[in-house]
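Undergrad: Just protein_17.txt, nothing more (compact mmCIF, C-alpha atoms):
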# COMPACT_ATOMS: atom_id res chain seq x y z
CA MET A 30 3.87 -5.84 -31.45
CA GLY A 31 4.07 -9.61 -31.36
CA SER A 32 7.48 -9.46 -29.71
CA HIS A 33 5.92 -8.13 -26.54
CA HIS A 34 4.49 -11.43 -25.46
CA THR A 35 6.43 -14.07 -27.30
CA GLU A 36 8.74 -16.42 -25.44
CA PRO A 37 12.18 -14.95 -24.82
CA GLU A 38 15.29 -16.89 -25.68
CA PRO A 39 16.21 -19.60 -23.18
CA TRP A 40 19.21 -17.43 -22.31
CA VAL A 41 16.90 -15.08 -20.41
CA VAL A 42 15.67 -17.94 -18.23
CA HIS A 43 19.25 -18.96 -17.39
CA ARG A 44 20.32 -15.37 -16.83
CA VAL A 45 17.48 -14.77 -14.37
CA ARG A 46 18.30 -17.96 -12.46
CA ALA A 47 21.95 -16.94 -12.33
CA LEU A 48 21.12 -13.52 -10.92
CA GLU A 49 18.60 -15.05 -8.52
CA SER A 50 21.09 -17.58 -7.16
CA LEU A 51 23.81 -14.93 -6.69
CA LEU A 52 21.44 -12.59 -4.86
CA ILE A 53 20.30 -15.46 -2.60
CA GLU A 54 23.94 -16.20 -1.70
CA LYS A 55 24.51 -12.52 -0.92
CA GLY A 56 21.50 -12.38 1.41
CA LEU A 57 19.47 -10.21 -0.98
CA LEU A 58 16.79 -12.71 -1.98
CA SER A 59 15.14 -15.96 -1.00
CA THR A 60 12.69 -18.18 -2.83
CA GLU A 61 10.28 -17.46 0.02
CA VAL A 62 10.44 -13.71 -0.69
CA VAL A 63 9.74 -14.35 -4.38
CA ASP A 64 6.81 -16.66 -3.62
CA THR A 65 5.27 -14.38 -0.99
CA VAL A 66 5.40 -11.23 -3.13
CA VAL A 67 4.09 -13.05 -6.19
CA GLN A 68 1.25 -14.56 -4.20
CA THR A 69 0.30 -11.08 -2.99
CA TYR A 70 0.11 -9.80 -6.56
CA GLU A 71 -1.79 -12.85 -7.76
CA LYS A 72 -4.33 -12.98 -4.92
CA ASP A 73 -4.61 -9.70 -2.99
CA VAL A 74 -3.80 -6.88 -5.39
CA GLY A 75 -5.84 -6.46 -8.53
CA PRO A 76 -8.74 -4.69 -10.24
CA MET A 77 -11.16 -6.11 -7.65
CA ASN A 78 -9.70 -3.53 -5.24
CA GLY A 79 -10.35 -0.63 -7.61
CA ALA A 80 -13.83 -2.02 -8.28
CA LYS A 81 -14.64 -1.78 -4.57
CA VAL A 82 -13.52 1.85 -4.55
CA VAL A 83 -15.69 2.65 -7.58
CA ALA A 84 -18.77 0.86 -6.22
CA ARG A 85 -18.44 2.68 -2.89
CA ALA A 86 -18.22 6.01 -4.73
CA TRP A 87 -21.33 5.15 -6.74
CA VAL A 88 -23.46 4.46 -3.67
CA ASP A 89 -21.98 6.94 -1.19
CA PRO A 90 -21.84 10.58 -2.39
CA ALA A 91 -19.80 11.69 0.63
CA TYR A 92 -17.20 9.00 -0.10
CA LYS A 93 -17.12 10.03 -3.76
CA GLN A 94 -16.42 13.59 -2.73
CA ARG A 95 -13.53 12.46 -0.50
CA LEU A 96 -12.21 10.20 -3.29
CA LEU A 97 -12.09 13.01 -5.84
CA ALA A 98 -10.59 15.43 -3.30
CA ASP A 99 -7.89 13.10 -1.89
CA GLY A 100 -7.59 9.78 -3.72
CA THR A 101 -4.82 8.37 -1.51
CA ALA A 102 -6.75 8.86 1.74
CA ALA A 103 -10.12 7.66 0.40
CA ILE A 104 -8.55 4.54 -1.14
CA ALA A 105 -6.76 3.87 2.17
CA GLU A 106 -10.16 3.99 3.93
CA LEU A 107 -10.96 0.72 2.15
CA GLY A 108 -7.65 -0.78 3.28
CA PHE A 109 -5.63 -0.30 0.10
CA THR A 110 -2.27 1.24 0.98
CA GLY A 111 1.40 0.80 0.29
CA ARG A 112 3.62 0.35 -2.68
CA GLY A 113 2.01 0.71 -6.07
CA GLY A 114 0.09 3.88 -5.36
CA GLY A 115 3.07 6.01 -6.31
CA ASP A 116 3.47 8.95 -3.95
CA LYS A 117 -0.13 10.02 -4.47
CA MET A 118 -3.34 8.65 -6.03
CA VAL A 119 -5.54 10.99 -8.03
CA VAL A 120 -9.00 9.93 -9.24
CA TYR A 121 -10.90 11.63 -12.06
CA GLU A 122 -14.59 11.14 -12.69
CA ASN A 123 -16.04 10.32 -16.10
CA THR A 124 -19.24 12.19 -16.91
CA ARG A 125 -21.28 12.71 -20.08
CA ALA A 126 -19.24 15.87 -20.72
CA VAL A 127 -15.73 14.60 -19.89
CA HIS A 128 -14.03 11.26 -20.50
CA ASN A 129 -10.71 10.54 -18.76
CA MET A 130 -8.09 8.04 -19.88
CA VAL A 131 -4.71 7.09 -18.36
CA VAL A 132 -1.39 6.30 -20.06
CA CYS A 133 2.35 6.40 -19.37
CA THR A 134 4.21 7.36 -22.54
CA LEU A 135 7.71 7.25 -20.99
CA CYS A 136 7.53 3.87 -19.23
CA SER A 137 4.52 1.99 -17.86
CA CYS A 138 3.42 3.74 -14.65
CA TYR A 139 0.13 2.27 -13.49
CA PRO A 140 -1.93 2.40 -10.28
CA TRP A 141 -0.92 -1.05 -8.98
CA ILE A 142 -2.51 -0.37 -5.62
CA VAL A 143 -6.02 -0.44 -7.13
CA LEU A 144 -5.53 -2.30 -10.44
CA GLY A 145 -2.68 -4.76 -9.77
CA LEU A 146 -0.11 -5.50 -12.44
CA PRO A 147 -0.67 -3.80 -15.82
CA PRO A 148 -1.78 -5.82 -18.86
CA VAL A 149 0.73 -6.27 -21.69
CA TRP A 150 -1.10 -3.87 -24.05
CA TYR A 151 -0.79 -1.03 -21.52
CA LYS A 152 3.01 -1.50 -21.49
CA ALA A 153 3.43 -1.97 -25.25
CA PRO A 154 4.40 0.77 -27.75
CA ALA A 155 1.07 0.89 -29.64
CA TYR A 156 -0.99 2.15 -26.69
CA ARG A 157 1.80 4.30 -25.22
CA SER A 158 2.44 6.08 -28.53
CA ARG A 159 -1.17 6.51 -29.67
CA ALA A 160 -3.21 7.29 -26.54
CA VAL A 161 -2.00 10.89 -26.37
CA ARG A 162 -2.25 11.60 -30.12
CA GLU A 163 -5.42 9.82 -31.23
CA PRO A 164 -7.44 8.79 -28.18
CA ARG A 165 -10.72 8.59 -30.09
CA LYS A 166 -9.26 6.06 -32.54
CA VAL A 167 -7.77 4.11 -29.64
CA LEU A 168 -11.12 4.11 -27.85
CA GLU A 169 -12.84 2.89 -31.02
CA GLU A 170 -10.47 -0.08 -31.08
CA PHE A 171 -11.61 -0.83 -27.55
CA GLY A 172 -15.23 -0.60 -28.74
CA VAL A 173 -15.95 2.77 -27.15
CA GLU A 174 -17.52 5.49 -29.26
CA LEU A 175 -17.97 8.79 -27.50
CA PRO A 176 -20.24 11.57 -28.71
CA PRO A 177 -18.23 14.29 -30.50
CA GLU A 178 -19.19 16.82 -27.83
CA THR A 179 -17.54 14.77 -25.06
CA GLU A 180 -14.17 16.22 -24.07
CA ILE A 181 -11.35 13.71 -23.70
CA ARG A 182 -8.68 14.22 -21.05
CA ILE A 183 -5.56 12.08 -21.23
CA TRP A 184 -3.45 11.76 -18.09
CA ASP A 185 0.18 10.97 -18.98
CA SER A 186 1.70 9.60 -15.74
CA SER A 187 5.14 11.18 -16.02
CA ALA A 188 5.81 11.51 -12.26
CA GLU A 189 5.01 9.51 -9.09
CA ILE A 190 1.34 10.49 -9.19
CA ARG A 191 -0.90 7.55 -10.13
CA TYR A 192 -4.25 8.01 -11.83
CA MET A 193 -7.47 6.03 -11.71
CA VAL A 194 -10.69 6.74 -13.58
CA LEU A 195 -14.02 6.68 -11.77
CA PRO A 196 -16.28 5.33 -14.53
CA LEU A 197 -19.82 6.53 -15.17
CA ARG A 198 -22.37 4.39 -13.31
CA PRO A 199 -24.43 2.49 -15.89
CA GLU A 200 -28.12 3.30 -16.21
CA GLY A 201 -30.59 0.76 -14.88
CA THR A 202 -28.49 -0.16 -11.83
CA GLU A 203 -30.43 1.93 -9.30
CA GLY A 204 -31.50 -0.94 -7.03
CA LYS A 205 -28.18 -2.79 -7.05
CA SER A 206 -26.09 -3.41 -3.96
CA GLU A 207 -22.52 -2.18 -3.61
CA GLN A 208 -21.27 -5.73 -4.16
CA GLU A 209 -23.36 -6.20 -7.31
CA LEU A 210 -22.12 -2.88 -8.63
CA ALA A 211 -18.47 -3.79 -8.00
CA ALA A 212 -18.95 -6.81 -10.28
CA LEU A 213 -19.79 -4.43 -13.17
CA VAL A 214 -16.53 -2.49 -12.84
CA THR A 215 -13.73 -3.64 -15.15
CA ARG A 216 -10.01 -2.93 -15.13
CA ASP A 217 -10.29 -1.29 -18.55
CA ALA A 218 -13.05 1.04 -17.35
CA MET A 219 -10.77 2.25 -14.55
CA ILE A 220 -7.97 2.92 -17.08
CA GLY A 221 -10.55 4.81 -19.14
CA VAL A 222 -10.60 2.60 -22.26
CA ALA A 223 -13.99 0.98 -21.58
CA LEU A 224 -17.40 1.89 -20.20
CA CYS A 225 -19.21 0.01 -17.45
CA ARG A 226 -22.37 -1.70 -18.64
CA ALA A 227 -25.47 -2.91 -16.85
CA PRO A 228 -25.72 -6.74 -16.67
CA ALA A 229 -28.35 -7.08 -19.43
CA ALA A 230 -26.23 -5.09 -21.87
CA ALA A 231 -23.03 -6.79 -20.79
CA ARG A 232 -24.13 -10.26 -21.87
CA MET B 29 17.48 11.21 -23.06
CA ASN B 30 16.02 11.26 -26.57
CA GLY B 31 15.28 7.55 -26.92
CA VAL B 32 12.70 5.12 -28.21
CA HIS B 33 11.26 4.75 -24.70
CA ASP B 34 9.80 8.25 -25.21
CA LEU B 35 6.90 6.92 -27.25
CA GLY B 36 4.21 9.59 -27.01
CA GLY B 37 2.90 10.57 -30.46
CA ASN B 38 5.07 8.12 -32.44
CA HIS B 39 3.64 6.42 -35.53
CA GLY B 40 3.99 2.91 -36.86
CA PHE B 41 3.25 0.62 -33.91
CA GLY B 42 0.02 -0.73 -35.35
CA PRO B 43 -3.21 -1.64 -33.56
CA ILE B 44 -3.41 -2.35 -29.85
CA GLU B 45 -3.14 -6.09 -29.29
CA ARG B 46 -5.10 -7.38 -26.34
CA GLU B 47 -4.98 -10.78 -24.73
CA THR B 48 -8.17 -12.24 -23.28
CA ASN B 49 -7.91 -13.62 -19.74
CA GLU B 50 -4.33 -12.45 -19.51
CA PRO B 51 -2.48 -14.10 -16.59
CA SER B 52 -0.57 -12.00 -14.04
CA PHE B 53 2.69 -13.48 -15.34
CA HIS B 54 3.53 -15.26 -18.59
CA ALA B 55 6.51 -17.20 -17.19
CA ASP B 56 8.15 -17.93 -13.84
CA TRP B 57 11.28 -15.92 -14.67
CA GLU B 58 9.12 -12.76 -14.84
CA LYS B 59 8.14 -13.28 -11.19
CA ALA B 60 11.77 -13.47 -10.12
CA VAL B 61 12.61 -10.30 -12.05
CA LEU B 62 9.74 -8.37 -10.46
CA VAL B 63 10.85 -9.36 -6.96
CA MET B 64 14.58 -8.79 -7.57
CA ASN B 65 13.76 -5.25 -8.62
CA LEU B 66 11.58 -4.73 -5.56
CA VAL B 67 14.48 -5.88 -3.36
CA GLY B 68 16.88 -3.55 -5.21
CA MET B 69 14.72 -0.62 -4.15
CA VAL B 70 13.75 -1.86 -0.67
CA LYS B 71 17.45 -2.37 0.15
CA ARG B 72 18.19 1.02 -1.44
CA ILE B 73 20.78 -0.45 -3.79
CA TYR B 74 19.31 1.90 -6.39
CA ASN B 75 16.31 4.18 -6.72
CA ILE B 76 13.36 4.16 -9.11
CA ASP B 77 14.82 6.92 -11.29
CA GLU B 78 18.09 5.02 -11.71
CA PHE B 79 15.99 1.97 -12.51
CA ARG B 80 14.04 3.75 -15.25
CA HIS B 81 17.16 5.31 -16.71
CA ALA B 82 18.96 1.96 -16.85
CA ILE B 83 16.07 0.71 -19.03
CA GLU B 84 16.55 3.74 -21.28
CA ARG B 85 20.25 2.84 -21.56
CA MET B 86 19.66 -0.80 -22.59
CA GLY B 87 20.00 -0.09 -26.31
CA GLN B 88 17.48 1.43 -28.69
CA SER B 89 16.76 -1.54 -30.96
CA ARG B 90 16.89 -4.01 -28.09
CA TYR B 91 14.30 -1.96 -26.20
CA LEU B 92 11.79 -2.39 -29.01
CA ASP B 93 12.58 -6.07 -29.54
CA THR B 94 12.10 -7.18 -25.94
CA SER B 95 9.25 -7.43 -23.45
CA TYR B 96 8.53 -5.41 -20.32
CA TYR B 97 10.18 -7.88 -17.92
CA GLU B 98 13.20 -8.19 -20.21
CA HIS B 99 13.52 -4.40 -19.84
CA TRP B 100 13.40 -4.88 -16.09
CA LEU B 101 16.00 -7.66 -16.22
CA ALA B 102 18.34 -5.47 -18.26
CA SER B 103 18.00 -2.69 -15.71
CA VAL B 104 18.32 -4.84 -12.57
CA GLU B 105 21.38 -6.58 -14.01
CA THR B 106 23.03 -3.31 -15.08
CA LEU B 107 22.47 -1.68 -11.69
CA MET B 108 23.44 -4.72 -9.58
CA ILE B 109 26.74 -4.78 -11.52
CA GLU B 110 27.32 -1.00 -11.48
CA LYS B 111 26.57 -0.79 -7.75
CA GLY B 112 29.06 -3.59 -7.06
CA VAL B 113 26.54 -6.11 -5.72
CA VAL B 114 27.27 -8.70 -8.41
CA GLY B 115 30.32 -9.08 -10.63
CA ARG B 116 29.80 -9.35 -14.38
CA ASP B 117 32.20 -12.30 -14.55
CA GLU B 118 30.48 -14.24 -11.78
CA LEU B 119 27.10 -13.53 -13.39
CA ASP B 120 28.32 -14.75 -16.78
CA ALA B 121 29.86 -17.86 -15.20
CA ARG B 122 26.71 -18.61 -13.26
CA THR B 123 24.61 -18.16 -16.40
CA LYS B 124 26.78 -20.75 -18.18
CA HIS B 125 26.29 -23.07 -15.21
CA PHE B 126 22.51 -22.90 -15.59
CA GLU B 127 22.80 -23.29 -19.38
CA ARG B 128 24.63 -26.56 -18.79
CA ASN B 129 22.43 -27.59 -15.86
CA PRO B 130 18.99 -26.10 -16.52
CA ASP B 131 17.44 -28.18 -13.75
CA ALA B 132 19.96 -27.26 -11.08
CA PRO B 133 18.02 -26.05 -8.04
CA LEU B 134 18.34 -22.58 -6.55
CA PRO B 135 20.01 -22.43 -3.15
CA ASP B 136 17.34 -23.15 -0.55
CA SER B 137 17.19 -20.33 1.90
CA LYS B 138 15.06 -18.47 4.37
CA ASN B 139 15.66 -14.81 5.04
CA PRO B 140 13.00 -13.67 7.54
CA GLU B 141 14.53 -10.23 7.96
CA LEU B 142 14.43 -9.52 4.23
CA LEU B 143 10.93 -10.95 3.93
CA ALA B 144 9.71 -8.63 6.70
CA ALA B 145 11.36 -5.59 5.10
CA VAL B 146 9.91 -6.36 1.66
CA MET B 147 6.39 -7.03 2.94
CA ASN B 148 6.52 -3.87 5.02
CA VAL B 149 7.19 -1.84 1.86
CA MET B 150 4.43 -3.73 0.03
CA ARG B 151 1.97 -2.67 2.74
CA LYS B 152 3.23 0.80 3.60
CA GLY B 153 5.43 1.98 0.74
CA MET B 154 8.98 3.31 1.13
CA ALA B 155 9.47 5.69 4.05
CA GLU B 156 11.11 8.84 2.79
CA LYS B 157 12.69 11.52 4.98
CA SER B 158 11.10 14.91 4.96
CA GLU B 159 13.04 17.61 3.20
CA PRO B 160 12.89 21.28 2.35
CA LYS B 161 9.82 22.19 0.35
CA PRO B 162 10.43 25.18 -1.90
CA GLY B 163 7.25 27.18 -2.53
CA PRO B 164 5.61 26.90 -5.95
CA ARG B 165 6.36 29.60 -8.53
CA PHE B 166 3.15 28.93 -10.51
CA LYS B 167 -0.49 28.59 -9.51
CA PRO B 168 -3.44 26.83 -11.17
CA GLY B 169 -4.57 28.74 -14.27
CA ASP B 170 -1.12 30.20 -15.02
CA ALA B 171 0.05 29.99 -18.64
CA VAL B 172 3.43 28.25 -18.99
CA VAL B 173 5.75 27.14 -21.78
CA THR B 174 7.77 23.94 -21.53
CA ARG B 175 11.49 24.19 -22.13
CA ASN B 176 13.04 22.85 -25.30
CA TRP B 177 15.02 20.55 -23.04
CA GLN B 178 17.22 17.92 -24.74
CA PRO B 179 19.31 16.30 -21.98
CA ALA B 180 21.43 13.25 -22.79
CA GLY B 181 20.48 11.87 -19.36
CA HIS B 182 17.22 11.02 -17.66
CA THR B 183 14.24 13.36 -17.77
CA ARG B 184 10.48 13.06 -17.39
CA LEU B 185 9.62 15.84 -19.81
CA PRO B 186 8.34 13.84 -22.81
CA GLY B 187 9.66 14.82 -26.22
CA TYR B 188 6.19 15.52 -27.60
CA ALA B 189 5.62 18.18 -24.94
CA ARG B 190 8.82 20.20 -25.32
CA GLY B 191 8.58 23.84 -26.34
CA HIS B 192 4.79 23.92 -26.04
CA ARG B 193 2.28 26.21 -24.38
CA GLY B 194 0.16 24.81 -21.59
CA ARG B 195 -1.67 25.85 -18.47
CA ILE B 196 -1.14 24.83 -14.84
CA HIS B 197 -4.01 22.56 -13.85
CA ALA B 198 -2.89 21.69 -10.31
CA PHE B 199 0.06 21.92 -7.95
CA HIS B 200 0.83 18.40 -6.67
CA GLY B 201 3.39 19.25 -3.99
CA VAL B 202 7.18 19.03 -3.89
CA TYR B 203 8.82 15.88 -5.29
CA ILE B 204 12.26 14.41 -5.93
CA LEU B 205 13.63 15.57 -9.30
CA PRO B 206 14.27 12.46 -11.45
CA ASP B 207 16.76 14.33 -13.67
CA ALA B 208 19.11 14.63 -10.66
CA HIS B 209 18.13 11.51 -8.70
CA ALA B 210 18.79 9.15 -11.64
CA HIS B 211 22.39 10.36 -11.84
CA GLY B 212 23.51 10.41 -8.19
CA ARG B 213 23.12 14.17 -8.00
CA GLY B 214 20.88 14.11 -4.94
CA ARG B 215 17.13 14.46 -4.59
CA CYS B 216 16.77 18.16 -5.46
CA PRO B 217 13.08 18.37 -4.49
CA GLU B 218 11.10 20.70 -6.74
CA PRO B 219 7.45 21.74 -7.11
CA LEU B 220 5.51 19.40 -9.39
CA TYR B 221 2.47 20.44 -11.43
CA SER B 222 -0.19 18.87 -13.58
CA VAL B 223 0.00 20.87 -16.81
CA GLY B 224 -2.77 20.78 -19.42
CA PHE B 225 -2.13 21.09 -23.18
CA GLU B 226 -4.69 21.55 -25.94
CA SER B 227 -4.36 18.76 -28.50
CA GLY B 228 -3.89 21.29 -31.35
CA GLU B 229 -0.88 22.77 -29.54
CA LEU B 230 0.79 19.33 -29.47
CA TRP B 231 -0.35 17.73 -32.72
CA GLY B 232 -1.21 20.64 -35.01
CA ASP B 233 -3.65 19.87 -37.80
CA ALA B 234 -3.54 16.15 -37.00
CA ALA B 235 -5.08 16.73 -33.56
CA GLU B 236 -8.39 15.13 -32.66
CA PRO B 237 -10.99 17.68 -31.56
CA LYS B 238 -11.91 18.31 -27.93
CA GLU B 239 -8.87 16.59 -26.46
CA ARG B 240 -6.54 17.81 -23.77
CA VAL B 241 -3.39 16.07 -22.53
CA TYR B 242 -2.28 16.52 -18.92
CA ILE B 243 1.33 15.81 -17.99
CA ASP B 244 3.01 15.93 -14.56
CA LEU B 245 5.95 18.30 -14.91
CA TRP B 246 8.57 19.64 -12.52
CA GLU B 247 8.98 23.40 -12.16
CA GLY B 248 12.36 23.49 -13.87
CA TYR B 249 10.78 22.11 -17.05
CA LEU B 250 8.57 25.20 -17.27
CA HIS B 251 8.93 28.92 -17.77
CA PRO B 252 6.42 31.74 -18.01
CA PRO B 253 5.40 32.81 -21.54
CA GLU B 254 7.40 35.70 -23.02
CA ALA B 255 5.78 38.99 -22.08
Would you encode the structure as structure tokens?

TA:
Amino acid sequence: MGSHHTEPEPWVVHRVRALESLLIEKGLLSTEVVDTVVQTYEKDVGPMNGAKVVARAWVDPAYKQRLLADGTAAIAELGFTGRGGGDKMVVYENTRAVHNMVVCTLCSCYPWIVLGLPPVWYKAPAYRSRAVREPRKVLEEFGVELPPETEIRIWDSSAEIRYMVLPLRPEGTEGKSEQELAALVTRDAMIGVALCRAPAAAR
Amino acid sequence: MNGVHDLGGNHGFGPIERETNEPSFHADWEKAVLVMNLVGMVKRIYNIDEFRHAIERMGQSRYLDTSYYEHWLASVETLMIEKGVVGRDELDARTKHFERNPDAPLPDSKNPELLAAVMNVMRKGMAEKSEPKPGPRFKPGDAVVTRNWQPAGHTRLPGYARGHRGRIHAFHGVYILPDAHAHGRGRCPEPLYSVGFESGELWGDAAEPKERVYIDLWEGYLHPPEA
């Protein structure tokens, strides 16, 4: 839907400024609050956090076990806490037998705590309507073709539970460090619409 | 509420359009909207369920014609007015002022107390009081059927999953019931489950093979299958 990232009418810009200025006068906002929160989302919260979680799980089997058993606590071990994790984080592991994929059909719930702000496509009607009904076709559009014997599990985030996918570790990455592995982990792989690839294949 | 926001399974929205190197925000006004909404919740002017329902109430065609942050603006504006924080007339007048003076600066202000409260929630989340935790009626593996539930108000039982057979996958714990909380009817904590549905149960002959959909559903949305 083109309308989901075209410029709004100038009215919206004026309306937002009007609301902003009234809230500032009423002690419910300041430009400093806006700037500080925005800076946090632009610099500190994003898919690089989720990538660290995934890389740790790939190299540390005990951590992986804790992550799959209690996502909130294991993610907090790496320092990622607070708003954006819903009331509870749940992590599901992709294997050759099972592929997991996350959506929110009713609004746009997303695990901000590990992935940051959601991309426009995740919030737009095409993905939200189709992911639950035709996930294989959706995955094909993302360039992912799964073997027919792989089971697909779609997690529709209808409550305050937030889901993250632990992608399959790519083959040929045995000697890589945790940091090198984190660089292979993409946002889309943690939503479940992409696979992680080894560097040679990624180029 | 049976509305266009309830998108699961709908046809006609075309391919998924992706943007390469998408920025965190596409315009400055989006940043302000994100933070105004955060403040609305931190200051407990409204709750997240009221926020979601106010988006659902913004108008069916307008919902589809506007972006995510325009949805948020519609909701924040509606709730700030309904909760008496801002008057509609003063908001309209102020909007006209900025239409005439687009470069007029915002009032310069510091609000250290608010900044501390907001950043505390960013780091730690909202502190919620503990409340009674009713025991779960179902356990993992139990067969359940979702209600054919058609409320005019807010609900988190998606339309595509109503009146269908599923199986309890996991018990998540006891959580605030959005159907009540969005309408000022209290928190009404209820057991919440992850419920799995076979794709054929939801989509019939059009289902893709080897797919299962898991939805988080409150206990009141479910009943045991007829004996």

Undergrad: At a cut-off of 12 Å, using all atoms listed in the file, what residues contact Thr69 of chain A? Leave out same-chain residues fewer than 2 positions from it and give the result as a PyMOL selection string.

TA: (chain A and resi 62-67+71-75+112+141-142+145-146) or (chain B and resi 52+59+63+146-147+150-151)

Undergrad: Can you work out which one of B:Tyr203, B:Phe41, B:Phe166, B:Tyr249 has the shortest atom-to-atom distance to chain A, counting all atoms listed in the file?

TA: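 Ranking B:Tyr203, B:Phe41, B:Phe166, B:Tyr249 by distance to chain A, first place goes to B:Phe41.
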
Undergrad: Could you check the closest approach to Trp231 of chain B for each of A:Pro76, A:Tyr92, A:Arg162, A:Leu195 and tell me which residue wins, using all atoms listed in the file?

TA: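 Comparing A:Pro76, A:Tyr92, A:Arg162, A:Leu195 against Trp231 of chain B, the winner is A:Arg162.
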
Undergrad: Which residues come within 7 Å of segment 97-104 of chain B, counting all atoms listed in the file, excluding same-chain residues fewer than 5 positions away, as a tab-separated table (two decimals) with C-alpha atoms, in the coordinates of the input?

TA:
chain	number	residue	atom	x	y	z
B	58	GLU	CA	9.12	-12.76	-14.84
B	61	VAL	CA	12.61	-10.30	-12.05
B	65	ASN	CA	13.76	-5.25	-8.62
B	79	PHE	CA	15.99	1.97	-12.51
B	82	ALA	CA	18.96	1.96	-16.85
B	83	ILE	CA	16.07	0.71	-19.03
B	86	MET	CA	19.66	-0.80	-22.59
B	91	TYR	CA	14.30	-1.96	-26.20

Undergrad: Rank nothing, just name the residue among B:Lys161, B:Arg90, B:His251, B:Lys138 nearest to His192 of chain B, using only C-alpha atoms.

TA: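 Answer, going by the shortest atom-to-atom distance: B:His251.
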
Undergrad: Between B:Phe199, B:Phe225, B:Tyr242, B:Phe53, single out the one closest to chain A, counting all atoms listed in the file.

TA: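 When distances to chain A are compared using all atoms listed in the file, the smallest one comes from B:Tyr242.
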
Undergrad: State, in Å with one decimal place, the distance from atom CA of His81 of chain B to atom CA of Ser95 of chain B.

TA: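 Spanning atom CA of His81 of chain B to atom CA of Ser95 of chain B is a straight-line distance of 16.4 Å.
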
Undergrad: Between B:Pro164, B:Pro237, B:Gly181, B:Gly169, which is the closest to chain A once you count only C-alpha atoms?

TA: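 Looking at the shortest contact to chain A, the residue is B:Pro237.
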
Undergrad: How about completing segment 237-251 of chain B with N, CA and C atoms and giving it to me as a compact mmCIF listing (two decimals), keeping the file's coordinate frame?

TA:
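Saved result, rebuild-v3.txt, follows:
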# COMPACT_ATOMS: atom_id res chain seq x y z
N PRO B 237 -10.32 16.56 -32.23
CA PRO B 237 -10.99 17.68 -31.56
C PRO B 237 -11.32 17.37 -30.11
N LYS B 238 -11.47 18.42 -29.33
CA LYS B 238 -11.91 18.31 -27.93
C LYS B 238 -11.06 17.32 -27.13
N GLU B 239 -9.76 17.43 -27.27
CA GLU B 239 -8.87 16.59 -26.46
C GLU B 239 -7.88 17.48 -25.73
N ARG B 240 -7.57 17.11 -24.52
CA ARG B 240 -6.54 17.81 -23.77
C ARG B 240 -5.64 16.75 -23.13
N VAL B 241 -4.34 17.00 -23.15
CA VAL B 241 -3.39 16.07 -22.53
C VAL B 241 -2.82 16.74 -21.28
N TYR B 242 -2.82 16.01 -20.18
CA TYR B 242 -2.28 16.52 -18.92
C TYR B 242 -1.03 15.72 -18.57
N ILE B 243 0.05 16.45 -18.29
CA ILE B 243 1.33 15.81 -17.99
C ILE B 243 1.83 16.35 -16.66
N ASP B 244 2.45 15.48 -15.84
CA ASP B 244 3.01 15.93 -14.56
C ASP B 244 4.43 16.42 -14.80
N LEU B 245 4.67 17.69 -14.55
CA LEU B 245 5.95 18.30 -14.91
C LEU B 245 6.54 19.08 -13.74
N TRP B 246 7.86 18.92 -13.57
CA TRP B 246 8.57 19.64 -12.52
C TRP B 246 8.77 21.10 -12.94
N GLU B 247 8.91 21.95 -11.91
CA GLU B 247 8.98 23.40 -12.16
C GLU B 247 10.09 23.80 -13.12
N GLY B 248 11.23 23.13 -13.01
CA GLY B 248 12.36 23.49 -13.87
C GLY B 248 12.13 23.18 -15.34
N TYR B 249 11.09 22.40 -15.65
CA TYR B 249 10.78 22.11 -17.05
C TYR B 249 9.98 23.26 -17.68
N LEU B 250 9.55 24.21 -16.83
CA LEU B 250 8.57 25.20 -17.27
C LEU B 250 9.14 26.61 -17.16
N HIS B 251 8.68 27.49 -18.01
CA HIS B 251 8.93 28.92 -17.77
C HIS B 251 7.69 29.71 -18.16
